[in-house]
file upload_7.txt (compact mmCIF, C-alpha atoms)
# COMPACT_ATOMS: atom_id res chain seq x y z
CA MET A 1 -1.16 32.65 11.50
CA ASP A 2 -1.14 36.37 10.76
CA GLN A 3 -1.94 38.39 7.64
CA PHE A 4 1.63 38.05 6.39
CA ASP A 5 1.42 34.26 6.57
CA LEU A 6 -1.87 34.25 4.71
CA LYS A 7 -0.44 36.54 2.08
CA MET A 8 2.65 34.35 1.65
CA ARG A 9 0.55 31.20 1.31
CA GLU A 10 -1.56 32.94 -1.29
CA ARG A 11 1.56 34.00 -3.18
CA ALA A 12 2.93 30.45 -2.94
CA ARG A 13 -0.25 29.16 -4.60
CA ARG A 14 -0.37 31.87 -7.22
CA GLU A 15 3.26 32.30 -8.23
CA GLU A 16 4.89 29.72 -10.43
CA PHE A 17 7.64 27.62 -8.89
CA PRO A 18 9.95 26.69 -11.78
CA LEU A 19 10.12 22.95 -12.44
CA PRO A 20 12.68 21.31 -14.74
CA GLU A 21 11.43 20.49 -18.19
CA ASP A 22 9.53 17.16 -18.28
CA TYR A 23 10.06 16.61 -14.56
CA ALA A 24 6.48 15.30 -14.27
CA GLY A 25 7.12 12.86 -17.09
CA ARG A 26 10.17 11.48 -15.33
CA VAL A 27 8.26 11.07 -12.06
CA PHE A 28 5.56 9.22 -13.93
CA ALA A 29 8.12 7.00 -15.68
CA LEU A 30 9.73 6.14 -12.38
CA CYS A 31 6.38 5.24 -10.81
CA ALA A 32 5.52 3.03 -13.77
CA SER A 33 8.79 1.14 -13.42
CA LEU A 34 8.69 0.80 -9.63
CA GLU A 35 8.42 -2.93 -9.45
CA GLU A 36 11.65 -3.52 -11.34
CA LYS A 37 13.49 -0.66 -9.63
CA HIS A 38 12.27 -1.86 -6.25
CA VAL A 39 14.17 -5.10 -6.70
CA GLU A 40 17.20 -3.69 -8.43
CA THR A 41 17.98 -0.99 -5.92
CA LYS A 42 18.04 -3.50 -3.10
CA LYS A 43 20.82 -5.36 -4.83
CA THR A 44 22.95 -2.52 -6.11
CA THR A 45 24.43 0.66 -4.78
CA ASN A 46 23.03 3.37 -2.58
CA ARG A 47 22.99 5.62 -5.60
CA ALA A 48 19.89 4.83 -7.61
CA PRO A 49 20.07 4.92 -11.38
CA ARG A 50 19.09 8.00 -13.33
CA TRP A 51 15.62 8.58 -14.59
CA LEU A 52 14.25 6.27 -17.20
CA ILE A 53 13.80 7.89 -20.54
CA GLY A 54 12.71 6.88 -24.01
CA VAL A 55 10.04 4.80 -25.57
CA ALA A 56 10.31 1.91 -23.14
CA ALA A 57 9.52 4.23 -20.30
CA ALA A 58 6.70 5.83 -22.23
CA LEU A 59 5.24 2.40 -22.82
CA ALA A 60 5.50 1.65 -19.15
CA LEU A 61 3.74 4.87 -18.29
CA LEU A 62 0.61 3.75 -20.02
CA VAL A 63 0.52 0.77 -17.73
CA ALA A 64 0.10 2.87 -14.63
CA VAL A 65 -2.76 4.90 -15.95
CA PRO A 66 -5.80 2.94 -14.79
CA ASN A 67 -7.25 4.20 -11.52
CA LEU A 68 -4.79 7.07 -11.21
CA SER A 69 -5.81 10.54 -10.28
CA ALA A 70 -6.50 13.60 -12.38
CA PRO A 71 -2.88 14.78 -11.96
CA ALA A 72 -1.77 11.44 -13.34
CA ALA A 73 -4.04 11.87 -16.30
CA ARG A 74 -2.65 15.35 -16.90
CA ALA A 75 0.87 13.98 -16.67
CA LEU A 76 -0.04 11.35 -19.22
CA GLU A 77 -1.05 14.06 -21.65
CA ARG A 78 2.59 15.06 -21.77
CA ILE A 79 3.66 11.62 -22.94
CA PRO A 80 4.31 11.23 -26.65
CA VAL A 81 1.40 9.66 -28.46
CA LEU A 82 2.34 6.13 -29.38
CA GLY A 83 -0.84 4.93 -31.01
CA ARG A 84 -2.77 1.80 -30.19
CA ILE A 85 -0.40 -0.07 -27.97
CA VAL A 86 -1.15 -3.25 -26.17
CA GLU A 87 1.34 -4.03 -23.47
CA VAL A 88 0.86 -6.23 -20.45
CA VAL A 89 2.81 -5.99 -17.23
CA THR A 90 2.42 -7.08 -13.65
CA PHE A 91 0.50 -4.24 -12.07
CA ARG A 92 0.40 -5.72 -8.60
CA HIS A 93 2.24 -8.60 -7.02
CA TYR A 94 0.76 -10.25 -3.96
CA THR A 95 2.83 -12.67 -1.93
CA TYR A 96 2.08 -14.41 1.32
CA ASP A 97 3.86 -17.07 3.32
CA ASP A 98 3.18 -18.10 6.89
CA GLY A 99 4.57 -21.61 6.62
CA HIS A 100 1.17 -23.16 5.94
CA GLY A 101 -0.33 -20.87 3.37
CA GLN A 102 1.63 -19.63 0.40
CA ALA A 103 0.45 -17.32 -2.33
CA ASP A 104 2.12 -15.78 -5.33
CA VAL A 105 -0.31 -13.72 -7.37
CA SER A 106 0.72 -11.62 -10.35
CA VAL A 107 -2.07 -9.30 -11.40
CA PRO A 108 -1.68 -8.21 -15.02
CA GLN A 109 -2.78 -4.93 -16.51
CA ILE A 110 -3.24 -4.27 -20.19
CA SER A 111 -2.29 -0.90 -21.49
CA ALA A 112 -4.13 0.22 -24.56
CA ASP A 113 -6.01 3.30 -25.60
CA GLY A 114 -9.45 1.74 -25.65
CA SER A 115 -12.29 0.72 -23.41
CA ALA A 116 -11.83 -3.02 -23.96
CA ALA A 117 -8.52 -3.03 -22.09
CA ALA A 118 -10.07 -1.05 -19.25
CA SER A 119 -12.91 -3.55 -19.06
CA VAL A 120 -10.52 -6.50 -18.95
CA ASN A 121 -8.34 -4.79 -16.34
CA LYS A 122 -11.35 -4.18 -14.13
CA ASP A 123 -12.48 -7.78 -14.42
CA VAL A 124 -8.97 -9.14 -13.79
CA GLN A 125 -8.61 -7.02 -10.68
CA ALA A 126 -11.98 -8.10 -9.32
CA TYR A 127 -11.24 -11.72 -10.16
CA THR A 128 -7.80 -11.79 -8.52
CA ASP A 129 -9.13 -9.85 -5.52
CA ARG A 130 -11.75 -12.56 -5.04
CA LEU A 131 -9.12 -15.30 -5.30
CA ILE A 132 -6.94 -13.56 -2.73
CA GLU A 133 -9.85 -13.03 -0.35
CA GLN A 134 -10.86 -16.68 -0.68
CA PHE A 135 -7.25 -17.71 -0.08
CA LYS A 136 -7.11 -15.60 3.09
CA ALA A 137 -10.39 -17.06 4.30
CA ASP A 138 -9.13 -20.58 3.63
CA CYS A 139 -5.88 -19.83 5.47
CA ALA A 140 -7.83 -18.64 8.49
CA THR A 141 -9.37 -22.11 8.86
CA LEU A 142 -6.43 -24.03 7.50
CA GLY A 143 -5.44 -26.34 10.32
CA GLU A 144 -2.14 -28.16 9.92
CA GLY A 145 -2.61 -28.53 6.19
CA TYR A 146 -1.20 -26.56 3.32
CA GLU A 147 -2.94 -23.96 1.18
CA GLY A 148 -1.38 -22.55 -1.95
CA LEU A 149 -2.46 -20.04 -4.56
CA ASP A 150 -0.48 -19.23 -7.67
CA VAL A 151 -1.78 -16.89 -10.32
CA SER A 152 0.19 -16.13 -13.45
CA TYR A 153 -0.61 -14.81 -16.88
CA HIS A 154 0.65 -14.79 -20.43
CA VAL A 155 -0.23 -13.23 -23.74
CA VAL A 156 -1.57 -15.94 -26.06
CA THR A 157 -2.10 -13.80 -29.14
CA ASP A 158 -1.09 -10.28 -30.09
CA THR A 159 -1.61 -9.44 -33.73
CA ASP A 160 -2.68 -6.26 -35.49
CA GLY A 161 -6.31 -7.16 -35.04
CA TRP A 162 -6.57 -9.53 -32.11
CA PHE A 163 -5.29 -9.79 -28.55
CA THR A 164 -5.70 -12.64 -26.08
CA LEU A 165 -4.64 -12.63 -22.44
CA ARG A 166 -4.74 -15.78 -20.34
CA VAL A 167 -4.77 -15.72 -16.54
CA ASP A 168 -4.01 -19.13 -15.01
CA ALA A 169 -4.67 -19.98 -11.38
CA LEU A 170 -3.59 -22.98 -9.37
CA GLU A 171 -5.13 -23.62 -5.97
CA THR A 172 -3.38 -26.28 -3.95
CA MET A 173 -4.81 -27.95 -0.87
CA ALA A 174 -4.88 -31.74 -0.65
CA SER A 175 -4.44 -31.64 -4.41
CA GLY A 176 -4.19 -28.99 -7.06
CA TYR A 177 -7.03 -27.26 -8.90
CA GLU A 178 -6.10 -25.53 -12.11
CA PHE A 179 -8.42 -23.01 -13.71
CA SER A 180 -8.15 -20.15 -16.15
CA ARG A 181 -9.74 -17.04 -17.51
CA ILE A 182 -9.08 -16.08 -21.09
CA TYR A 183 -9.80 -12.59 -22.38
CA ASN A 184 -10.09 -11.84 -26.08
CA ILE A 185 -10.04 -8.34 -27.52
CA ASP A 186 -10.89 -7.43 -31.10
CA LYS A 187 -8.54 -4.50 -31.65
CA THR A 188 -10.39 -3.34 -34.74
CA THR A 189 -13.59 -2.72 -32.79
CA ASP A 190 -12.10 -2.19 -29.30
CA GLN A 191 -14.46 -4.81 -27.89
CA THR A 192 -13.97 -7.85 -25.72
CA VAL A 193 -15.35 -10.85 -27.53
CA SER A 194 -17.02 -13.80 -25.82
CA LEU A 195 -17.27 -17.11 -27.61
CA ALA A 196 -20.89 -16.37 -28.50
CA GLY A 197 -19.78 -13.01 -29.89
CA LEU A 198 -17.75 -14.72 -32.60
CA PHE A 199 -20.80 -16.12 -34.33
CA LYS A 200 -23.72 -14.81 -36.33
CA ASP A 201 -26.91 -14.10 -34.46
CA GLY A 202 -29.10 -17.18 -34.52
CA ALA A 203 -26.30 -19.47 -35.66
CA ASP A 204 -26.37 -22.94 -34.15
CA TRP A 205 -22.75 -22.67 -33.09
CA SER A 206 -23.15 -24.11 -29.58
CA ARG A 207 -24.58 -27.38 -30.86
CA VAL A 208 -21.94 -27.63 -33.59
CA LEU A 209 -19.03 -27.04 -31.22
CA SER A 210 -20.49 -29.29 -28.51
CA GLU A 211 -20.88 -32.15 -30.98
CA GLU A 212 -17.30 -31.72 -32.06
CA VAL A 213 -16.08 -31.79 -28.46
CA ARG A 214 -18.09 -34.94 -27.77
CA ARG A 215 -16.70 -36.53 -30.92
CA GLN A 216 -13.13 -35.79 -29.84
CA MET A 217 -13.83 -37.09 -26.32
CA ALA A 218 -15.13 -40.36 -27.71
CA GLU A 219 -12.25 -40.67 -30.13
CA GLN A 220 -9.63 -40.17 -27.44
CA MET A 221 -11.30 -42.54 -24.97
CA ALA A 222 -11.57 -45.19 -27.70
CA ASP A 223 -7.79 -45.19 -27.89
CA ALA A 224 -7.03 -47.26 -24.80
CA ALA A 225 -3.32 -46.54 -25.13
CA SER A 226 -3.93 -42.82 -24.60
CA GLY A 227 -5.34 -43.48 -21.12
CA LYS A 228 -7.68 -40.52 -21.50
CA THR A 229 -11.00 -40.37 -19.67
CA TYR A 230 -13.73 -37.75 -19.74
CA PHE A 231 -16.83 -37.21 -17.63
CA THR A 232 -19.03 -37.06 -20.70
CA GLU A 233 -22.15 -36.87 -18.55
CA ASP A 234 -20.82 -33.70 -16.90
CA PHE A 235 -20.36 -31.96 -20.22
CA SER A 236 -23.60 -30.13 -20.82
CA GLY A 237 -22.44 -28.30 -23.91
CA VAL A 238 -20.32 -25.33 -24.90
CA ALA A 239 -21.49 -22.19 -23.08
CA ASP A 240 -21.66 -18.61 -24.33
CA ASP A 241 -18.76 -17.62 -22.04
CA GLN A 242 -16.63 -20.72 -22.62
CA ASN A 243 -12.89 -19.97 -22.39
CA TYR A 244 -11.33 -19.97 -25.84
CA TYR A 245 -8.43 -18.69 -27.88
CA PHE A 246 -7.08 -19.10 -31.39
CA ASP A 247 -3.93 -21.14 -31.96
CA GLN A 248 -1.13 -20.19 -34.33
CA ASP A 249 -2.94 -21.81 -37.25
CA GLY A 250 -6.12 -19.86 -36.59
CA ASN A 251 -7.99 -22.84 -35.17
CA LEU A 252 -10.38 -22.33 -32.30
CA VAL A 253 -9.24 -23.87 -29.01
CA LEU A 254 -11.81 -24.45 -26.24
CA ALA A 255 -10.25 -24.54 -22.77
CA PHE A 256 -11.86 -26.24 -19.78
CA ASP A 257 -10.95 -26.02 -16.11
CA GLU A 258 -9.49 -29.00 -14.32
CA TYR A 259 -12.13 -31.43 -12.95
CA SER A 260 -14.92 -29.76 -14.97
CA ILE A 261 -15.23 -32.51 -17.59
CA ALA A 262 -12.41 -34.92 -16.72
CA PRO A 263 -10.60 -36.37 -13.71
CA GLY A 264 -7.74 -34.36 -12.21
CA SER A 265 -5.19 -36.68 -13.80
CA MET A 266 -6.22 -35.19 -17.15
CA GLY A 267 -5.27 -31.70 -16.08
CA ALA A 268 -7.14 -28.84 -17.73
CA PRO A 269 -8.42 -30.27 -21.04
CA GLU A 270 -8.41 -28.35 -24.30
CA PHE A 271 -10.03 -29.16 -27.60
CA THR A 272 -8.82 -27.75 -30.89
CA ILE A 273 -11.66 -27.19 -33.30
CA ALA A 274 -10.68 -27.13 -36.96
CA LYS A 275 -11.66 -23.95 -38.76
CA SER A 276 -13.68 -25.97 -41.25
CA VAL A 277 -16.09 -26.96 -38.48
CA TYR A 278 -17.21 -23.47 -37.60
CA GLN A 279 -16.07 -20.96 -40.21
CA ASP A 280 -19.47 -20.76 -41.91
CA LEU A 281 -21.03 -19.68 -38.62
CA LEU A 282 -18.64 -16.79 -37.98
CA LYS A 283 -19.83 -13.21 -38.21
CA MET B 1 -9.20 -31.75 11.76
CA LYS B 2 -8.96 -28.01 11.76
CA ARG B 3 -6.79 -26.06 14.12
CA GLU B 4 -6.73 -22.47 15.27
CA ARG B 5 -4.63 -20.19 13.15
CA ARG B 6 -1.19 -19.45 14.51
CA PRO B 7 -0.34 -16.01 15.90
CA THR B 8 0.45 -13.70 13.04
CA GLU B 9 3.88 -12.49 14.12
CA THR B 10 5.49 -14.90 11.67
CA VAL B 11 3.17 -13.94 8.89
CA LYS B 12 4.84 -12.14 6.05
CA GLU B 13 2.42 -10.40 3.83
CA THR B 14 3.14 -7.91 1.14
CA MET B 15 0.53 -5.97 -0.73
CA LEU B 16 2.22 -3.47 -3.00
CA ASP B 17 -0.44 -1.27 -4.42
CA LYS B 18 1.51 0.45 -7.11
CA ALA B 19 -1.45 2.39 -8.48
CA TRP B 20 -2.25 3.99 -5.14
CA PHE B 21 1.38 4.82 -4.41
CA SER B 22 1.93 6.24 -7.89
CA GLY B 23 -1.15 8.41 -7.58
CA GLN B 24 0.03 9.79 -4.26
CA VAL B 25 3.51 10.51 -5.61
CA ILE B 26 2.12 12.31 -8.64
CA GLN B 27 -0.22 14.40 -6.52
CA ASN B 28 2.78 15.48 -4.44
CA GLU B 29 5.40 15.70 -7.17
CA LYS B 30 5.66 19.49 -7.01
CA ALA B 31 5.98 19.46 -3.23
CA LEU B 32 8.76 16.90 -3.51
CA TYR B 33 10.70 18.93 -6.01
CA ARG B 34 10.19 22.26 -4.23
CA THR B 35 11.39 20.84 -0.95
CA ALA B 36 14.44 19.12 -2.45
CA ARG B 37 15.31 22.17 -4.53
CA MET B 38 15.13 24.46 -1.52
CA ILE B 39 17.44 22.23 0.51
CA LEU B 40 19.94 21.41 -2.23
CA ARG B 41 19.70 24.53 -4.43
CA ASN B 42 20.58 22.49 -7.49
CA ASP B 43 18.15 21.14 -10.10
CA GLN B 44 19.93 17.87 -10.83
CA ASP B 45 20.61 17.05 -7.20
CA ALA B 46 17.01 17.88 -6.36
CA GLU B 47 15.72 15.47 -9.01
CA ASP B 48 18.12 12.78 -7.84
CA ALA B 49 16.89 13.24 -4.29
CA VAL B 50 13.26 12.99 -5.41
CA GLN B 51 14.01 9.84 -7.35
CA GLU B 52 15.78 8.21 -4.43
CA ALA B 53 13.02 9.27 -2.06
CA ILE B 54 10.34 7.71 -4.27
CA LEU B 55 12.26 4.44 -4.46
CA SER B 56 12.96 4.43 -0.73
CA ALA B 57 9.35 5.27 0.09
CA TYR B 58 8.05 2.48 -2.13
CA ALA B 59 10.43 0.00 -0.52
CA ALA B 60 9.23 1.13 2.91
CA LEU B 61 5.55 1.47 2.03
CA GLU B 62 4.54 -0.96 4.77
CA SER B 63 5.83 1.51 7.36
CA LEU B 64 3.19 4.05 6.32
CA ARG B 65 0.46 3.33 8.85
CA ASP B 66 -1.89 6.18 8.04
CA PRO B 67 -2.47 6.76 4.31
CA GLU B 68 -3.76 10.25 5.15
CA ARG B 69 -0.25 11.19 6.26
CA PHE B 70 1.43 10.23 3.00
CA LYS B 71 2.68 13.74 2.25
CA PRO B 72 4.58 14.43 5.50
CA TRP B 73 5.76 10.81 5.50
CA ILE B 74 7.38 11.00 2.07
CA LEU B 75 8.68 14.52 2.71
CA ARG B 76 10.49 13.17 5.76
CA ILE B 77 12.08 10.47 3.59
CA LEU B 78 12.95 13.11 1.01
CA THR B 79 14.63 15.49 3.46
CA ASN B 80 16.72 12.61 4.77
CA GLN B 81 17.77 11.86 1.20
CA CYS B 82 18.66 15.51 0.70
CA TYR B 83 20.79 15.56 3.83
CA ASP B 84 22.49 12.35 2.68
CA ILE B 85 23.33 14.01 -0.63
CA CYS B 86 24.68 17.02 1.23
CA ARG B 87 26.88 14.77 3.34
CA ARG B 88 28.06 12.71 0.37
CA THR B 89 28.96 15.68 -1.75
CA ARG B 90 29.85 18.09 1.10
CA GLN B 91 27.76 20.36 -0.98
CA THR B 92 28.30 24.06 -1.11
CA VAL B 93 26.01 26.40 -2.91
CA ASP B 94 27.01 27.08 -6.46
CA LEU B 95 27.10 30.83 -6.71
CA SER B 96 26.17 30.76 -10.37
CA ASP B 97 22.93 29.01 -9.48
CA VAL B 98 22.06 31.62 -6.92
CA GLU B 99 23.11 34.54 -9.04
CA GLU B 100 20.58 33.57 -11.70
CA THR B 101 17.83 34.15 -9.21
CA LEU B 102 19.16 37.37 -7.75
CA PRO B 103 17.86 40.71 -8.98
CA ALA B 104 20.23 42.82 -11.02
CA SER B 105 22.04 45.50 -9.03
CA GLY B 106 20.48 48.93 -9.11
CA THR B 107 16.94 47.61 -9.41
CA ASP B 108 14.20 47.69 -6.85
CA CYS B 109 14.36 44.31 -5.14
CA THR B 110 10.87 44.50 -3.75
CA GLU B 111 9.35 44.76 -7.22
CA ARG B 112 11.37 42.05 -8.89
CA LEU B 113 11.62 39.26 -6.36
CA THR B 114 9.15 36.44 -6.58
CA LEU B 115 8.40 34.53 -3.42
CA TYR B 116 10.51 31.66 -4.74
CA GLN B 117 13.49 33.94 -5.31
CA ALA B 118 13.11 35.45 -1.85
CA VAL B 119 12.81 32.09 -0.12
CA GLU B 120 15.83 30.81 -1.99
CA GLN B 121 17.93 33.57 -0.49
CA LEU B 122 17.08 32.65 3.07
CA PRO B 123 19.74 30.95 5.19
CA ASP B 124 19.72 27.14 5.12
CA ASP B 125 18.19 26.84 8.58
CA PHE B 126 15.09 28.85 7.69
CA ARG B 127 14.59 27.99 4.05
CA THR B 128 13.21 24.47 4.33
CA ALA B 129 10.87 25.26 7.21
CA ILE B 130 9.53 28.30 5.36
CA THR B 131 9.04 26.25 2.18
CA LEU B 132 7.10 23.55 4.00
CA PHE B 133 5.00 26.15 5.81
CA TYR B 134 4.06 28.41 2.91
CA TYR B 135 4.25 26.16 -0.12
CA GLU B 136 3.16 22.86 1.36
CA ASP B 137 0.70 24.18 3.95
CA LEU B 138 2.15 21.94 6.64
CA SER B 139 1.51 22.72 10.28
CA VAL B 140 4.31 23.45 12.74
CA ARG B 141 3.83 19.99 14.18
CA GLN B 142 4.05 18.35 10.76
CA ILE B 143 7.16 20.34 9.87
CA ALA B 144 8.74 19.22 13.13
CA GLY B 145 8.03 15.63 12.12
CA VAL B 146 9.44 16.08 8.62
CA LEU B 147 12.62 17.82 9.73
CA GLY B 148 13.16 15.90 12.94
CA LEU B 149 13.04 19.08 15.03
CA THR B 150 11.09 20.15 18.08
CA GLU B 151 8.06 22.33 17.48
CA ALA B 152 9.83 25.13 19.34
CA ALA B 153 12.78 24.92 16.96
CA VAL B 154 10.42 25.05 13.98
CA LYS B 155 8.66 28.13 15.41
CA THR B 156 12.00 29.85 15.86
CA ARG B 157 13.00 29.13 12.28
CA LEU B 158 9.67 30.29 10.93
CA SER B 159 9.83 33.46 12.96
CA ARG B 160 13.31 34.36 11.77
CA GLY B 161 12.49 33.28 8.26
CA ARG B 162 9.48 35.58 8.29
CA GLN B 163 11.61 38.52 9.35
CA SER B 164 14.04 37.89 6.50
CA LEU B 165 11.22 37.44 4.00
CA ARG B 166 9.57 40.69 5.06
CA ALA B 167 12.84 42.51 4.44
CA LEU B 168 13.48 40.80 1.10
CA LEU B 169 9.95 41.37 -0.18
CA GLY B 170 9.52 44.82 1.32
CA GLU B 171 6.52 43.66 3.30
CA GLU B 172 5.87 45.35 6.61

call {"tool": "encode", "arguments": {"input": "upload_7.txt", "output": "structure tokens"}}
result
Amino acid sequence: MDQFDLKMRERARREEFPLPEDYAGRVFALCASLEEKHVETKKTTNRAPRWLIGVAAALALLVAVPNLSAPAARALERIPVLGRIVEVVTFRHYTYDDGHGQADVSVPQISADGSAAASVNKDVQAYTDRLIEQFKADCATLGEGYEGLDVSYHVVTDTDGWFTLRVDALETMASGYEFSRIYNIDKTTDQTVSLAGLFKDGADWSRVLSEEVRRQMAEQMADAASGKTYFTEDFSGVADDQNYYFDQDGNLVLAFDEYSIAPGSMGAPEFTIAKSVYQDLLK
Amino acid sequence: MKRERRPTETVKETMLDKAWFSGQVIQNEKALYRTARMILRNDQDAEDAVQEAILSAYAALESLRDPERFKPWILRILTNQCYDICRRTRQTVDLSDVEETLPASGTDCTERLTLYQAVEQLPDDFRTAITLFYYEDLSVRQIAGVLGLTEAAVKTRLSRGRQSLRALLGEE
């Protein structure tokens, strides 16, 4: 490389190469929509559709932000400000099938302009990574059996002040094992909220909720026609990080993993706690 | 009773890391546009080629064996897309596009031409190789891989491209 080459490379770095207006925004929009486009273009023509534009694309852009590079962040700055948006999409889709082991894992990502969403996203990624690694390890020693892993998610609540995301997993070997993680975000404070975080400091909420769960267990088992059975001795009480969400009527619902307090035939039990039971203990 | 795991040739595994791919694309977005624009000499066609290249690259992400070679890998996909567009449209250069970049008659070319304007005036054979060499800092070997040429052919194009650039820019 001679002096002329060096000079030309320097000029190439220094001189502006004209780019079309909002080209970077369109690249970003396309990247954010890749999963859908990936499928569609396989089925349609050789000519891919034009760039995505508009609010839907801008919403999608926010989804791709976590873990992207500085250029991505700069590109984001060119996106119209849309305020506090909570949107959830599949950020990564993991599939596996070798005839004995099958996995279908949808990893959600929350887009929002606060730290709570980032915290949940990080935890969800770590959690699903662990499930996938465990699945791979199980497959490696599978034998002639069958190993399955399905992970899906859905938004339980999305109001002006509250957001709840539920990630459900089903591991299948000889039988199925259903378990969940539920994430609650207080939009007004931009904080994730554990069950303990709902209640006043020093409040005796755990005892109150545990007694209510035990009462409901006993009530259901007393009804022989219901056929319900609980491992009451395995229920040690409601923990600080117990999975929970609020139903449409504002009642607290405590969610338990399959086998944790009941036989597998009971599935993953849930107990709805009337607001009157706990409202005096709330912050 | 456990058994040994079967050979993995029947294993189908897909791990689409959208965040990583998106980050790589965004880091290289200018290189993608510059390269497409220099081949096609048309803004809209260049953007279409970039779009198609991104989609094709994502669909073929498993074929990228060395993440460090993402840039030449996607540029190769992009140049193929550009050549496809050329074949589909039997594209000829729109004179009005070129004229916008040309200096007005009677002026001193060497003072007015930017590097971009000079490169754009190079013949098709030289233009892309020169762009990849000066703008994208690719080596001769990498350019050969991107364009599907021998290294000797790339050196020839760079050499002739240099001569033309010197004349256009008044560099001796």

call {"tool": "atom_distance", "arguments": {"input": "upload_7.txt", "atom1": "CA of Gln27 in chain B", "atom2": "CA of Glu136 in chain B"}}
result
12.0 Å

call {"tool": "residues_around", "arguments": {"input": "upload_7.txt", "residues": "range 197-202 of chain A", "least_positions_apart": "3", "cutoff": "6 Å", "atoms": "only C-alpha atoms", "output": "list in words"}}
result
Val193, Ser194, Leu281, Leu282 and Lys283 of chain A

call {"tool": "residues_around", "arguments": {"input": "upload_7.txt", "residues": "Asp240 in chain A", "least_positions_apart": "5", "cutoff": "8 Å", "atoms": "all atoms listed in the file", "output": "list in words"}}
result
Ser194, Leu195, Ala196 and Ser206 of chain A

call {"tool": "atom_distance", "arguments": {"input": "upload_7.txt", "atom1": "CA of Gln51 in chain B", "atom2": "CA of Pro18 in chain A"}}
result
17.9 Å

call {"tool": "residues_around", "arguments": {"input": "upload_7.txt", "residues": "Gln220 in chain A", "least_positions_apart": "5", "cutoff": "12 Å", "atoms": "only C-alpha atoms", "output": "list in words"}}
result
Val213, Arg214, Arg215, Ala225, Ser226, Gly227, Lys228, Thr229, Tyr230, Thr232, Met266, Pro269 and Phe271 of chain A

call {"tool": "write_last_selection", "arguments": {"input": "upload_7.txt", "atoms": "C-alpha atoms", "output": "PDB file, in the coordinates of the input"}}
result
ATOM      1  CA  VAL A 213     -16.080 -31.790 -28.460  1.00  0.00           C
ATOM      2  CA  ARG A 214     -18.090 -34.940 -27.770  1.00  0.00           C
ATOM      3  CA  ARG A 215     -16.700 -36.530 -30.920  1.00  0.00           C
ATOM      4  CA  ALA A 225      -3.320 -46.540 -25.130  1.00  0.00           C
ATOM      5  CA  SER A 226      -3.930 -42.820 -24.600  1.00  0.00           C
ATOM      6  CA  GLY A 227      -5.340 -43.480 -21.120  1.00  0.00           C
ATOM      7  CA  LYS A 228      -7.680 -40.520 -21.500  1.00  0.00           C
ATOM      8  CA  THR A 229     -11.000 -40.370 -19.670  1.00  0.00           C
ATOM      9  CA  TYR A 230     -13.730 -37.750 -19.740  1.00  0.00           C
ATOM     10  CA  THR A 232     -19.030 -37.060 -20.700  1.00  0.00           C
ATOM     11  CA  MET A 266      -6.220 -35.190 -17.150  1.00  0.00           C
ATOM     12  CA  PRO A 269      -8.420 -30.270 -21.040  1.00  0.00           C
ATOM     13  CA  PHE A 271     -10.030 -29.160 -27.600  1.00  0.00           C
TER      14      PHE A 271
END

call {"tool": "closest_residue", "arguments": {"input": "upload_7.txt", "among": "B:Leu147, B:Leu138, B:Leu115, B:Ile74", "to": "chain A", "atoms": "only C-alpha atoms"}}
result
B:Leu115

call {"tool": "atom_distance", "arguments": {"input": "upload_7.txt", "atom1": "CA of Thr141 in chain A", "atom2": "CA of Glu62 in chain B"}}
result
25.6 Å

call {"tool": "closest_residue", "arguments": {"input": "upload_7.txt", "among": "A:Glu211, A:Phe17, A:Ala239, A:Arg130", "to": "Thr35 in chain B", "atoms": "all atoms listed in the file"}}
result
A:Phe17

call {"tool": "residues_around", "arguments": {"input": "upload_7.txt", "residues": "Lys275 in chain A", "least_positions_apart": "4", "cutoff": "10 Å", "atoms": "all atoms listed in the file", "output": "ChimeraX atom specification"}}
result
/A:246,249-252,279-280
